[in-house]
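Novice: My structure is in target-v5.cif, and what it holds is mmCIF, C-alpha atoms:
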data_entry
#
loop_
_atom_site.group_PDB
_atom_site.id
_atom_site.type_symbol
_atom_site.label_atom_id
_atom_site.label_comp_id
_atom_site.auth_asym_id
_atom_site.auth_seq_id
_atom_site.Cartn_x
_atom_site.Cartn_y
_atom_site.Cartn_z
ATOM 1 C CA MET A 1 42.470 -48.212 50.725
ATOM 2 C CA PHE A 2 40.079 -50.046 53.075
ATOM 3 C CA HIS A 3 37.204 -48.984 50.880
ATOM 4 C CA ARG A 4 38.988 -50.577 47.910
ATOM 5 C CA PHE A 5 39.149 -53.964 49.645
ATOM 6 C CA ALA A 6 35.585 -53.698 50.955
ATOM 7 C CA ASN A 7 34.587 -54.978 47.512
ATOM 8 C CA PRO A 8 34.062 -58.784 47.856
ATOM 9 C CA THR A 9 35.672 -59.589 44.464
ATOM 10 C CA ARG A 10 38.868 -57.701 45.280
ATOM 11 C CA PHE A 11 38.807 -59.168 48.777
ATOM 12 C CA LEU A 12 38.661 -62.741 47.428
ATOM 13 C CA LYS A 13 41.651 -62.087 45.158
ATOM 14 C CA LEU A 14 43.620 -60.653 48.073
ATOM 15 C CA ALA A 15 42.531 -63.516 50.370
ATOM 16 C CA ASP A 16 43.833 -66.053 47.839
ATOM 17 C CA VAL A 17 47.274 -64.474 47.997
ATOM 18 C CA ILE A 18 47.608 -63.939 51.755
ATOM 19 C CA GLN A 19 45.895 -67.055 53.125
ATOM 20 C CA PRO A 20 48.866 -69.445 52.629
ATOM 21 C CA TRP A 21 51.190 -66.927 54.309
ATOM 22 C CA ILE A 22 48.863 -66.537 57.278
ATOM 23 C CA ALA A 23 48.524 -70.319 57.571
ATOM 24 C CA GLY A 24 52.318 -70.726 57.498
ATOM 25 C CA ALA A 25 52.823 -67.950 60.057
ATOM 26 C CA THR A 26 50.256 -69.582 62.387
ATOM 27 C CA LEU A 27 52.013 -72.950 62.314
ATOM 28 C CA VAL A 28 55.492 -71.450 62.819
ATOM 29 C CA LEU A 29 54.361 -69.162 65.666
ATOM 30 C CA LEU A 30 52.397 -71.961 67.312
ATOM 31 C CA GLY A 31 55.386 -74.309 67.099
ATOM 32 C CA ALA A 32 57.724 -71.707 68.582
ATOM 33 C CA GLY A 33 55.178 -70.704 71.251
ATOM 34 C CA LEU A 34 54.653 -74.325 72.337
ATOM 35 C CA TYR A 35 58.404 -75.012 72.382
ATOM 36 C CA PHE A 36 59.178 -72.008 74.575
ATOM 37 C CA GLY A 37 55.987 -72.399 76.618
ATOM 38 C CA LEU A 38 56.286 -76.102 77.431
ATOM 39 C CA PHE A 39 60.041 -76.811 77.234
ATOM 40 C CA ALA A 40 62.334 -73.800 77.147
ATOM 41 C CA SER A 41 60.848 -71.593 79.869
ATOM 42 C CA PRO A 42 61.291 -71.892 83.627
ATOM 43 C CA PRO A 43 58.447 -72.427 86.137
ATOM 44 C CA ASP A 44 57.193 -69.293 87.888
ATOM 45 C CA TYR A 45 58.697 -68.574 91.330
ATOM 46 C CA GLN A 46 55.218 -68.392 92.887
ATOM 47 C CA GLN A 47 52.887 -70.403 90.659
ATOM 48 C CA GLY A 48 55.334 -73.141 89.680
ATOM 49 C CA GLU A 49 54.490 -75.116 86.534
ATOM 50 C CA THR A 50 50.903 -73.834 86.416
ATOM 51 C CA VAL A 51 52.273 -70.653 84.810
ATOM 52 C CA ARG A 52 52.254 -72.711 81.583
ATOM 53 C CA LEU A 53 48.461 -72.368 81.610
ATOM 54 C CA MET A 54 48.975 -68.641 81.099
ATOM 55 C CA TYR A 55 50.353 -69.258 77.582
ATOM 56 C CA ILE A 56 46.959 -70.496 76.426
ATOM 57 C CA HIS A 57 44.613 -68.770 78.901
ATOM 58 C CA VAL A 58 45.767 -65.170 78.433
ATOM 59 C CA PRO A 59 45.948 -65.244 74.589
ATOM 60 C CA SER A 60 42.444 -66.846 74.537
ATOM 61 C CA ALA A 61 41.089 -64.079 76.769
ATOM 62 C CA TRP A 62 42.826 -61.364 74.706
ATOM 63 C CA MET A 63 41.405 -62.839 71.495
ATOM 64 C CA ALA A 64 37.935 -63.113 73.067
ATOM 65 C CA MET A 65 37.978 -59.343 73.641
ATOM 66 C CA PHE A 66 39.775 -58.541 70.375
ATOM 67 C CA CYS A 67 37.240 -60.562 68.353
ATOM 68 C CA TYR A 68 34.354 -58.834 70.125
ATOM 69 C CA SER A 69 35.870 -55.433 69.344
ATOM 70 C CA ALA A 70 36.268 -56.520 65.701
ATOM 71 C CA LEU A 71 32.667 -57.796 65.730
ATOM 72 C CA ALA A 72 31.297 -54.531 67.160
ATOM 73 C CA GLY A 73 33.468 -52.463 64.768
ATOM 74 C CA SER A 74 32.281 -54.460 61.753
ATOM 75 C CA CYS A 75 28.654 -54.156 62.901
ATOM 76 C CA ALA A 76 29.043 -50.356 63.238
ATOM 77 C CA VAL A 77 30.523 -50.108 59.718
ATOM 78 C CA ALA A 78 27.780 -52.398 58.351
ATOM 79 C CA LEU A 79 25.022 -50.352 60.014
ATOM 80 C CA ILE A 80 26.374 -46.877 59.192
ATOM 81 C CA TRP A 81 28.078 -47.259 55.785
ATOM 82 C CA LYS A 82 26.419 -50.496 54.667
ATOM 83 C CA HIS A 83 29.721 -51.958 53.434
ATOM 84 C CA PRO A 84 28.939 -55.397 51.992
ATOM 85 C CA LEU A 85 32.026 -56.994 53.517
ATOM 86 C CA ALA A 86 31.580 -55.592 57.049
ATOM 87 C CA ASP A 87 28.434 -57.613 57.680
ATOM 88 C CA LEU A 88 30.125 -60.786 56.382
ATOM 89 C CA ALA A 89 33.194 -60.110 58.557
ATOM 90 C CA ALA A 90 30.968 -59.720 61.642
ATOM 91 C CA ARG A 91 29.138 -62.980 60.915
ATOM 92 C CA ALA A 92 32.451 -64.754 60.290
ATOM 93 C CA THR A 93 34.060 -63.396 63.480
ATOM 94 C CA ALA A 94 31.320 -64.344 65.979
ATOM 95 C CA PRO A 95 31.913 -68.142 66.171
ATOM 96 C CA ILE A 96 35.691 -67.644 66.411
ATOM 97 C CA GLY A 97 35.252 -65.128 69.257
ATOM 98 C CA ALA A 98 32.813 -67.470 71.003
ATOM 99 C CA ALA A 99 35.351 -70.313 70.770
ATOM 100 C CA PHE A 100 38.122 -68.154 72.281
ATOM 101 C CA THR A 101 35.805 -66.997 75.104
ATOM 102 C CA PHE A 102 34.877 -70.603 75.864
ATOM 103 C CA LEU A 103 38.589 -71.539 75.931
ATOM 104 C CA ALA A 104 39.441 -68.595 78.206
ATOM 105 C CA LEU A 105 36.725 -69.730 80.651
ATOM 106 C CA VAL A 106 37.714 -73.419 80.598
ATOM 107 C CA THR A 107 41.482 -72.849 80.862
ATOM 108 C CA GLY A 108 40.869 -70.226 83.558
ATOM 109 C CA SER A 109 38.822 -72.729 85.500
ATOM 110 C CA LEU A 110 41.599 -75.335 85.194
ATOM 111 C CA TRP A 111 44.076 -72.720 86.451
ATOM 112 C CA GLY A 112 41.765 -71.522 89.229
ATOM 113 C CA LYS A 113 41.421 -74.909 90.910
ATOM 114 C CA PRO A 114 45.135 -75.427 91.763
ATOM 115 C CA MET A 115 45.839 -71.716 92.443
ATOM 116 C CA TRP A 116 42.653 -70.420 94.115
ATOM 117 C CA GLY A 117 41.232 -73.723 95.321
ATOM 118 C CA THR A 118 38.051 -73.292 93.299
ATOM 119 C CA TRP A 119 36.915 -73.902 89.707
ATOM 120 C CA TRP A 120 34.714 -70.839 89.624
ATOM 121 C CA VAL A 121 33.832 -67.665 91.560
ATOM 122 C CA TRP A 122 31.059 -65.235 90.707
ATOM 123 C CA ASP A 123 33.349 -62.209 90.703
ATOM 124 C CA ALA A 124 33.366 -59.343 88.180
ATOM 125 C CA ARG A 125 36.103 -60.689 85.841
ATOM 126 C CA LEU A 126 34.749 -64.222 85.511
ATOM 127 C CA THR A 127 31.105 -63.175 85.357
ATOM 128 C CA SER A 128 31.756 -60.497 82.700
ATOM 129 C CA MET A 129 33.625 -63.106 80.601
ATOM 130 C CA LEU A 130 30.626 -65.431 80.907
ATOM 131 C CA VAL A 131 28.388 -62.519 79.804
ATOM 132 C CA LEU A 132 30.715 -62.085 76.786
ATOM 133 C CA LEU A 133 30.130 -65.734 75.821
ATOM 134 C CA PHE A 134 26.354 -65.182 76.052
ATOM 135 C CA LEU A 135 26.674 -62.016 73.932
ATOM 136 C CA TYR A 136 28.445 -64.000 71.205
ATOM 137 C CA LEU A 137 25.835 -66.779 71.369
ATOM 138 C CA GLY A 138 23.020 -64.193 71.400
ATOM 139 C CA TYR A 139 24.517 -62.498 68.323
ATOM 140 C CA ILE A 140 24.749 -65.812 66.441
ATOM 141 C CA ALA A 141 21.203 -66.861 67.447
ATOM 142 C CA LEU A 142 19.652 -63.489 66.538
ATOM 143 C CA ASN A 143 21.556 -63.342 63.254
ATOM 144 C CA ASN A 144 20.010 -66.654 62.199
ATOM 145 C CA ALA A 145 16.564 -66.023 63.694
ATOM 146 C CA PHE A 146 14.997 -64.228 60.699
ATOM 147 C CA ASP A 147 13.972 -65.501 57.264
ATOM 148 C CA ASP A 148 15.217 -62.211 55.826
ATOM 149 C CA PRO A 149 19.020 -62.198 56.347
ATOM 150 C CA GLN A 150 19.131 -58.379 56.307
ATOM 151 C CA ARG A 151 16.777 -58.105 59.251
ATOM 152 C CA GLY A 152 18.844 -60.697 61.106
ATOM 153 C CA SER A 153 22.047 -58.766 60.428
ATOM 154 C CA LYS A 154 20.552 -55.472 61.562
ATOM 155 C CA SER A 155 19.043 -56.804 64.803
ATOM 156 C CA SER A 156 22.161 -58.758 65.765
ATOM 157 C CA ALA A 157 24.409 -55.770 64.918
ATOM 158 C CA ILE A 158 22.442 -53.616 67.380
ATOM 159 C CA LEU A 159 22.838 -56.318 70.057
ATOM 160 C CA ALA A 160 26.603 -56.510 69.364
ATOM 161 C CA LEU A 161 26.976 -52.723 69.654
ATOM 162 C CA VAL A 162 25.001 -52.499 72.916
ATOM 163 C CA GLY A 163 27.007 -55.433 74.283
ATOM 164 C CA PHE A 164 30.311 -53.666 73.552
ATOM 165 C CA VAL A 165 29.920 -51.898 76.913
ATOM 166 C CA ASN A 166 30.985 -55.244 78.431
ATOM 167 C CA VAL A 167 34.515 -55.090 76.920
ATOM 168 C CA PRO A 168 35.885 -52.222 79.077
ATOM 169 C CA ILE A 169 34.075 -53.808 82.057
ATOM 170 C CA ILE A 170 36.080 -57.029 81.498
ATOM 171 C CA LYS A 171 39.349 -55.129 81.079
ATOM 172 C CA PHE A 172 38.988 -52.949 84.191
ATOM 173 C CA SER A 173 36.994 -55.380 86.368
ATOM 174 C CA VAL A 174 40.170 -56.434 88.201
ATOM 175 C CA ASP A 175 40.853 -52.794 89.174
ATOM 176 C CA TRP A 176 37.280 -51.726 89.953
ATOM 177 C CA TRP A 177 36.180 -54.634 92.151
ATOM 178 C CA ASN A 178 37.707 -57.057 94.638
ATOM 179 C CA THR A 179 38.576 -60.279 92.903
ATOM 180 C CA LEU A 180 40.673 -63.433 93.109
ATOM 181 C CA HIS A 181 41.846 -62.729 89.551
ATOM 182 C CA GLN A 182 45.266 -61.112 89.254
ATOM 183 C CA PRO A 183 45.479 -57.607 87.727
ATOM 184 C CA ALA A 184 46.997 -56.838 84.313
ATOM 185 C CA SER A 185 50.718 -57.532 84.060
ATOM 186 C CA VAL A 186 51.438 -57.078 80.332
ATOM 187 C CA VAL A 187 49.137 -54.375 78.930
ATOM 188 C CA LYS A 188 49.474 -51.745 81.660
ATOM 189 C CA MET A 189 50.982 -48.363 82.451
ATOM 190 C CA GLY A 190 54.754 -48.534 82.898
ATOM 191 C CA GLY A 191 55.229 -51.610 80.671
ATOM 192 C CA PRO A 192 55.031 -55.344 81.360
ATOM 193 C CA SER A 193 56.039 -56.660 84.794
ATOM 194 C CA ILE A 194 56.756 -60.189 83.556
ATOM 195 C CA HIS A 195 60.231 -61.690 83.127
ATOM 196 C CA ALA A 196 61.360 -61.960 79.503
ATOM 197 C CA ASP A 197 61.594 -65.799 79.703
ATOM 198 C CA ILE A 198 57.869 -65.957 80.445
ATOM 199 C CA LEU A 199 56.860 -62.981 78.300
ATOM 200 C CA LEU A 200 58.374 -64.507 75.112
ATOM 201 C CA PRO A 201 56.162 -67.646 74.934
ATOM 202 C CA LEU A 202 53.157 -65.559 75.962
ATOM 203 C CA LEU A 203 53.676 -63.110 73.090
ATOM 204 C CA LEU A 204 54.455 -65.923 70.614
ATOM 205 C CA MET A 205 51.225 -67.713 71.532
ATOM 206 C CA ALA A 206 49.267 -64.441 71.368
ATOM 207 C CA ALA A 207 50.670 -63.812 67.867
ATOM 208 C CA ALA A 208 49.831 -67.418 66.860
ATOM 209 C CA PHE A 209 46.246 -67.052 68.109
ATOM 210 C CA THR A 210 45.919 -63.765 66.177
ATOM 211 C CA THR A 211 47.100 -65.281 62.885
ATOM 212 C CA TYR A 212 44.882 -68.336 63.539
ATOM 213 C CA TYR A 213 41.932 -65.944 63.906
ATOM 214 C CA LEU A 214 42.821 -64.248 60.584
ATOM 215 C CA TRP A 215 43.199 -67.653 58.887
ATOM 216 C CA VAL A 216 39.774 -68.918 60.007
ATOM 217 C CA LEU A 217 38.273 -65.466 59.354
ATOM 218 C CA LEU A 218 39.386 -65.537 55.690
ATOM 219 C CA ILE A 219 37.916 -69.040 55.245
ATOM 220 C CA ARG A 220 34.621 -68.019 56.873
ATOM 221 C CA ILE A 221 34.313 -64.756 54.887
ATOM 222 C CA ARG A 222 34.884 -66.706 51.654
ATOM 223 C CA THR A 223 32.103 -69.075 52.769
ATOM 224 C CA GLU A 224 29.781 -66.126 53.471
ATOM 225 C CA VAL A 225 30.524 -64.632 50.023
ATOM 226 C CA ALA A 226 29.740 -67.993 48.372
ATOM 227 C CA LEU A 227 26.509 -68.359 50.404
ATOM 228 C CA GLY A 228 25.464 -64.844 49.314
ATOM 229 C CA LYS A 229 26.017 -65.848 45.664
ATOM 230 C CA ILE A 230 23.988 -69.030 46.227
ATOM 231 C CA ARG A 231 21.071 -67.021 47.704
ATOM 232 C CA ALA A 232 21.206 -64.549 44.796
ATOM 233 C CA ARG A 233 21.227 -67.362 42.216
ATOM 234 C CA GLN A 234 18.380 -69.191 43.941
ATOM 235 C CA MET A 235 16.289 -65.996 43.964
ATOM 236 C CA GLN A 236 17.146 -65.385 40.305
ATOM 237 C CA LYS A 237 16.147 -68.965 39.488
ATOM 238 C CA ALA A 238 12.884 -68.650 41.436
ATOM 239 C CA GLN A 239 12.030 -65.390 39.659
ATOM 240 C CA THR A 240 12.819 -66.845 36.218
ATOM 241 C CA GLY A 241 10.740 -69.913 37.051
ATOM 242 C CA TYR A 242 7.843 -67.701 38.185
ATOM 243 C CA LYS A 243 7.921 -65.629 34.990
ATOM 244 C CA GLY A 244 8.217 -68.720 32.797
ATOM 245 C CA MET B 245 61.714 -92.721 81.446
ATOM 246 C CA GLU B 246 61.495 -91.156 84.852
ATOM 247 C CA THR B 247 62.371 -87.778 83.365
ATOM 248 C CA ILE B 248 59.435 -88.017 80.944
ATOM 249 C CA SER B 249 56.942 -88.934 83.668
ATOM 250 C CA GLN B 250 58.456 -86.202 85.850
ATOM 251 C CA TYR B 251 57.958 -83.733 83.007
ATOM 252 C CA LEU B 252 54.373 -84.889 82.369
ATOM 253 C CA ASN B 253 53.647 -84.611 86.075
ATOM 254 C CA MET B 254 54.396 -80.840 85.889
ATOM 255 C CA GLY B 255 55.172 -80.514 89.590
ATOM 256 C CA GLY B 256 51.916 -82.280 90.496
ATOM 257 C CA HIS B 257 49.812 -79.999 88.258
ATOM 258 C CA GLY B 258 49.864 -82.095 85.069
ATOM 259 C CA GLY B 259 46.215 -83.022 85.674
ATOM 260 C CA PHE B 260 45.267 -79.377 85.126
ATOM 261 C CA ILE B 261 47.828 -78.286 82.528
ATOM 262 C CA TRP B 262 47.530 -81.108 79.964
ATOM 263 C CA PRO B 263 43.696 -81.202 79.815
ATOM 264 C CA ALA B 264 43.741 -77.416 79.235
ATOM 265 C CA TYR B 265 46.194 -77.745 76.306
ATOM 266 C CA ILE B 266 44.219 -80.683 74.874
ATOM 267 C CA ILE B 267 40.901 -78.765 75.039
ATOM 268 C CA VAL B 268 42.458 -75.722 73.320
ATOM 269 C CA PHE B 269 43.936 -77.961 70.602
ATOM 270 C CA VAL B 270 40.659 -79.852 70.030
ATOM 271 C CA VAL B 271 38.502 -76.681 69.873
ATOM 272 C CA MET B 272 40.896 -74.854 67.505
ATOM 273 C CA VAL B 273 41.270 -77.846 65.169
ATOM 274 C CA ALA B 274 37.502 -78.538 65.235
ATOM 275 C CA LEU B 275 36.694 -74.899 64.362
ATOM 276 C CA MET B 276 39.172 -75.037 61.477
ATOM 277 C CA ILE B 277 37.717 -78.319 60.142
ATOM 278 C CA VAL B 278 34.103 -77.095 60.420
ATOM 279 C CA SER B 279 34.990 -73.791 58.703
ATOM 280 C CA ARG B 280 36.847 -75.487 55.834
ATOM 281 C CA ARG B 281 34.061 -78.028 55.377
ATOM 282 C CA SER B 282 31.366 -75.340 55.139
ATOM 283 C CA LEU B 283 33.469 -73.456 52.558
ATOM 284 C CA LYS B 284 33.820 -76.649 50.512
ATOM 285 C CA ASN B 285 30.070 -77.369 50.740
ATOM 286 C CA ALA B 286 29.182 -73.786 49.734
ATOM 287 C CA GLN B 287 31.603 -73.898 46.774
ATOM 288 C CA GLU B 288 30.163 -77.222 45.628
ATOM 289 C CA GLU B 289 26.580 -75.947 45.887
ATOM 290 C CA LEU B 290 27.519 -72.833 43.928
ATOM 291 C CA GLU B 291 29.170 -75.032 41.307
ATOM 292 C CA THR B 292 25.986 -77.107 40.954
ATOM 293 C CA LEU B 293 23.846 -73.970 40.623
ATOM 294 C CA THR B 294 26.230 -72.487 38.052
ATOM 295 C CA ARG B 295 26.140 -75.711 36.044
ATOM 296 C CA GLY B 296 22.338 -75.694 36.168
ATOM 297 C CA ALA B 297 22.157 -72.062 35.015
ATOM 298 C CA ASP B 298 24.621 -72.404 32.131
ATOM 299 C CA GLY B 299 23.553 -75.863 31.041
ATOM 300 C CA ARG B 300 27.183 -76.971 30.765
ATOM 301 C CA SER B 301 29.747 -78.537 32.973
ATOM 302 C CA PRO B 302 31.822 -75.891 34.765
ATOM 303 C CA ASP B 303 35.572 -76.099 34.890
ATOM 304 C CA ARG B 304 37.605 -74.752 37.810
ATOM 305 C CA GLU B 305 37.736 -71.233 36.287
ATOM 306 C CA THR B 306 33.955 -70.897 35.970
ATOM 307 C CA THR B 307 33.526 -71.888 39.593
ATOM 308 C CA ARG B 308 36.007 -69.251 40.675
ATOM 309 C CA GLU B 309 34.214 -66.654 38.593
ATOM 310 C CA ALA B 310 30.912 -67.711 40.131
ATOM 311 C CA GLU B 311 32.389 -67.457 43.594
ATOM 312 C CA GLN B 312 33.531 -63.936 42.835
#
As structure tokens, how would this structure be written, given the file I've shared?
Specialist:
Amino acid sequence: MFHRFANPTRFLKLADVIQPWIAGATLVLLGAGLYFGLFASPPDYQQGETVRLMYIHVPSAWMAMFCYSALAGSCAVALIWKHPLADLAARATAPIGAAFTFLALVTGSLWGKPMWGTWWVWDARLTSMLVLLFLYLGYIALNNAFDDPQRGSKSSAILALVGFVNVPIIKFSVDWWNTLHQPASVVKMGGPSIHADILLPLLLMAAAFTTYYLWVLLIRIRTEVALGKIRARQMQKAQTGYKG
Amino acid sequence: METISQYLNMGGHGGFIWPAYIIVFVVMVALMIVSRRSLKNAQEELETLTRGADGRSPDRETTREAEQ
């Protein structure tokens, strides 16, 4: 089935149908997430009102890692099976992942100051997230560094795959090293240890960020498909002109 | 009025919470606008190229075909 939709023409038809639904879902989830996050949930017994930063910080950090996993997965598929859509999906994902990583770092910093007394510490969790941002930026820069787009895709895909080692380091950094950052409290053995009143807005915002990612991803893949057509037509035109 | 300012104050942490929400909003909206604009530009460029190749003015259907 995935192979069927790896064809850009079929993908565009499918994207046309699902994009309005994804856009609608994003707005509804975001509205509900903001309502529960900012109005209908209590302050935390320890962190007070600053717990409301969690509803944007944690989903941003999850999406930063999710997007990188999607980027590395797409790069692997593009390198091994040479699926035309995988390379476009990787290129489309990178800026979205970079934006989420940037937001995770900024919101984390704004949460760190009132809770830890500092904007930044060079510990494993924060440093590995900063490395993730540089990996995204490195991927984007390398992808655009060559005149031949195929060479750019190949080189940047190798960088993305090597950099994937950073994802488990981010996830387990809070367990492996001493850090100011709190350990996992949702995705962990034995289930979440967060009260339902706080878990609900967190999950709503995480769902909203996921559908937002899919929404922007569809737009960016459609752009990449159109740019590919433009390149092909320009080459065709140049060849015809040369022959004539 | 006092309730609103009390709410915005967020227990003395409003100065950290609201800027964080504003930055997230601005970045997400900006990324959406930039992405939509580049799609529009690419579609328009493709339309121009298609028109040049066919020597006729493309309607909406031809552009969609070209995009696909």
Novice: Suppose you want the space between CA of Ser41 (chain A) and CA of Leu252 (chain B); what is it in Å?
Specialist: 15.0 Å
Novice: May I ask which of the residues A:Phe102, A:Phe146, A:Tyr139, A:Trp111 is the closest one to Ala264 (chain B), counting only C-alpha atoms?
Specialist: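 Between A:Phe102, A:Phe146, A:Tyr139, A:Trp111, the residue approaching Ala264 (chain B) most closely is A:Trp111.
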Novice: If you measure from CA of Asn285 (chain B) to CA of Ala226 (chain A), what distance in Å do you get, rounded to one decimal?
Specialist: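 Computing the Euclidean distance for CA of Asn285 (chain B) and CA of Ala226 (chain A) yields 9.7 Å.
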Novice: Quick one: residues within 12 Å of region 275-281 of chain B, only C-alpha atoms, excluding same-chain residues fewer than 2 positions away - as a PyMOL selection string?
Specialist: (chain A and resi 23+92-100+212-224) or (chain B and resi 268-273+283-288)
Novice: Let me see the file: selected residues, C-alpha atoms, as a PDB file, in the coordinates of the input.
Specialist:
ATOM      1  CA  ALA A  23      48.524 -70.319  57.571  1.00  0.00           C
ATOM      2  CA  ALA A  92      32.451 -64.754  60.290  1.00  0.00           C
ATOM      3  CA  THR A  93      34.060 -63.396  63.480  1.00  0.00           C
ATOM      4  CA  ALA A  94      31.320 -64.344  65.979  1.00  0.00           C
ATOM      5  CA  PRO A  95      31.913 -68.142  66.171  1.00  0.00           C
ATOM      6  CA  ILE A  96      35.691 -67.644  66.411  1.00  0.00           C
ATOM      7  CA  GLY A  97      35.252 -65.128  69.257  1.00  0.00           C
ATOM      8  CA  ALA A  98      32.813 -67.470  71.003  1.00  0.00           C
ATOM      9  CA  ALA A  99      35.351 -70.313  70.770  1.00  0.00           C
ATOM     10  CA  PHE A 100      38.122 -68.154  72.281  1.00  0.00           C
ATOM     11  CA  TYR A 212      44.882 -68.336  63.539  1.00  0.00           C
ATOM     12  CA  TYR A 213      41.932 -65.944  63.906  1.00  0.00           C
ATOM     13  CA  LEU A 214      42.821 -64.248  60.584  1.00  0.00           C
ATOM     14  CA  TRP A 215      43.199 -67.653  58.887  1.00  0.00           C
ATOM     15  CA  VAL A 216      39.774 -68.918  60.007  1.00  0.00           C
ATOM     16  CA  LEU A 217      38.273 -65.466  59.354  1.00  0.00           C
ATOM     17  CA  LEU A 218      39.386 -65.537  55.690  1.00  0.00           C
ATOM     18  CA  ILE A 219      37.916 -69.040  55.245  1.00  0.00           C
ATOM     19  CA  ARG A 220      34.621 -68.019  56.873  1.00  0.00           C
ATOM     20  CA  ILE A 221      34.313 -64.756  54.887  1.00  0.00           C
ATOM     21  CA  ARG A 222      34.884 -66.706  51.654  1.00  0.00           C
ATOM     22  CA  THR A 223      32.103 -69.075  52.769  1.00  0.00           C
ATOM     23  CA  GLU A 224      29.781 -66.126  53.471  1.00  0.00           C
TER      24      GLU A 224
ATOM     25  CA  VAL B 268      42.458 -75.722  73.320  1.00  0.00           C
ATOM     26  CA  PHE B 269      43.936 -77.961  70.602  1.00  0.00           C
ATOM     27  CA  VAL B 270      40.659 -79.852  70.030  1.00  0.00           C
ATOM     28  CA  VAL B 271      38.502 -76.681  69.873  1.00  0.00           C
ATOM     29  CA  MET B 272      40.896 -74.854  67.505  1.00  0.00           C
ATOM     30  CA  VAL B 273      41.270 -77.846  65.169  1.00  0.00           C
ATOM     31  CA  LEU B 283      33.469 -73.456  52.558  1.00  0.00           C
ATOM     32  CA  LYS B 284      33.820 -76.649  50.512  1.00  0.00           C
ATOM     33  CA  ASN B 285      30.070 -77.369  50.740  1.00  0.00           C
ATOM     34  CA  ALA B 286      29.182 -73.786  49.734  1.00  0.00           C
ATOM     35  CA  GLN B 287      31.603 -73.898  46.774  1.00  0.00           C
ATOM     36  CA  GLU B 288      30.163 -77.222  45.628  1.00  0.00           C
TER      37      GLU B 288
END
Novice: Counting all atoms listed in the file, give me one row per residue of chain A with an atom at most 6 Å from an atom of chain B, showing the shortest contact pair and its distance in Å to one decimal, sorted by chain then residue number, as a tab-separated table.
Specialist:
residue	atom	partner	partner_atom	distance
A:Thr9	CA	B:Gln312	CA	5.1
A:Glu49	CA	B:Met254	CA	5.8
A:Thr107	CA	B:Ala264	CA	5.3
A:Leu110	CA	B:Phe260	CA	5.5
A:Thr223	CA	B:Leu283	CA	4.6
A:Ala226	CA	B:Glu311	CA	5.5
A:Ile230	CA	B:Leu290	CA	5.7
Novice: What separation in Å, quoted to one decimal, exists between CA of Ser74 (chain A) and CA of Ile140 (chain A)?
Specialist: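 So the answer is 14.4 Å.
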Novice: Which neighbours of region 203-208 of chain A fall inside 6 Å, counting all atoms listed in the file, when residues of the same chain fewer than 6 positions from it are skipped, and could you give them as a list in words?
Specialist: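 My list of contacting residues is Thr26, Leu29, Leu30, Gly33 and Pro59 of chain A.
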Novice: Let me see the file: selected residues, C-alpha atoms, as a CSV table (one decimal), in the frame of the given file.
Specialist:
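Generated file (part04.csv):
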chain,number,residue,atom,x,y,z
A,26,THR,CA,50.3,-69.6,62.4
A,29,LEU,CA,54.4,-69.2,65.7
A,30,LEU,CA,52.4,-72.0,67.3
A,33,GLY,CA,55.2,-70.7,71.3
A,59,PRO,CA,45.9,-65.2,74.6
Novice: Translate the PyMOL selection byres ((chain A and resi 104) around 9) into a concrete residue list for this structure, as a PyMOL selection string.
Specialist: chain A and resi 56-62+64+99-103+105-109+129
Novice: Deliver the residues from the most recent selection as a file, using C-alpha atoms, as a PDB file, in the coordinates of the input.
Specialist:
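Wrote it out as part.pdb, contents follow:
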ATOM      1  CA  ILE A  56      46.959 -70.496  76.426  1.00  0.00           C
ATOM      2  CA  HIS A  57      44.613 -68.770  78.901  1.00  0.00           C
ATOM      3  CA  VAL A  58      45.767 -65.170  78.433  1.00  0.00           C
ATOM      4  CA  PRO A  59      45.948 -65.244  74.589  1.00  0.00           C
ATOM      5  CA  SER A  60      42.444 -66.846  74.537  1.00  0.00           C
ATOM      6  CA  ALA A  61      41.089 -64.079  76.769  1.00  0.00           C
ATOM      7  CA  TRP A  62      42.826 -61.364  74.706  1.00  0.00           C
ATOM      8  CA  ALA A  64      37.935 -63.113  73.067  1.00  0.00           C
ATOM      9  CA  ALA A  99      35.351 -70.313  70.770  1.00  0.00           C
ATOM     10  CA  PHE A 100      38.122 -68.154  72.281  1.00  0.00           C
ATOM     11  CA  THR A 101      35.805 -66.997  75.104  1.00  0.00           C
ATOM     12  CA  PHE A 102      34.877 -70.603  75.864  1.00  0.00           C
ATOM     13  CA  LEU A 103      38.589 -71.539  75.931  1.00  0.00           C
ATOM     14  CA  LEU A 105      36.725 -69.730  80.651  1.00  0.00           C
ATOM     15  CA  VAL A 106      37.714 -73.419  80.598  1.00  0.00           C
ATOM     16  CA  THR A 107      41.482 -72.849  80.862  1.00  0.00           C
ATOM     17  CA  GLY A 108      40.869 -70.226  83.558  1.00  0.00           C
ATOM     18  CA  SER A 109      38.822 -72.729  85.500  1.00  0.00           C
ATOM     19  CA  MET A 129      33.625 -63.106  80.601  1.00  0.00           C
TER      20      MET A 129
END
Novice: For each of A:Tyr55, A:Asp16, A:Asp175, A:Pro43, take the minimum atom-to-atom distance to Leu202 (chain A), counting only C-alpha atoms, then give the residue where this is smallest.
Specialist: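 Counting only C-alpha atoms, the residue closest to Leu202 (chain A) is A:Tyr55.
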Novice: Work out where the centre of an axis-aligned box around every listed atom of region 266-282 of chain B lies and how long its edges are once 3 Å is added on each side; give both in Å to one decimal as lines of an AutoDock Vina configuration file.
Specialist:
center_x = 37.8
center_y = -77.2
center_z = 65.1
size_x = 18.9
size_y = 12.9
size_z = 25.9
Novice: Identify which of the residues A:Leu88, A:Val28, A:Leu180, A:Leu133 lies closest to Trp120 (chain A), counting only C-alpha atoms when measuring atom-to-atom distances.
Specialist: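 Looking only at the distances to Trp120 (chain A), the closest residue turns out to be A:Leu180.
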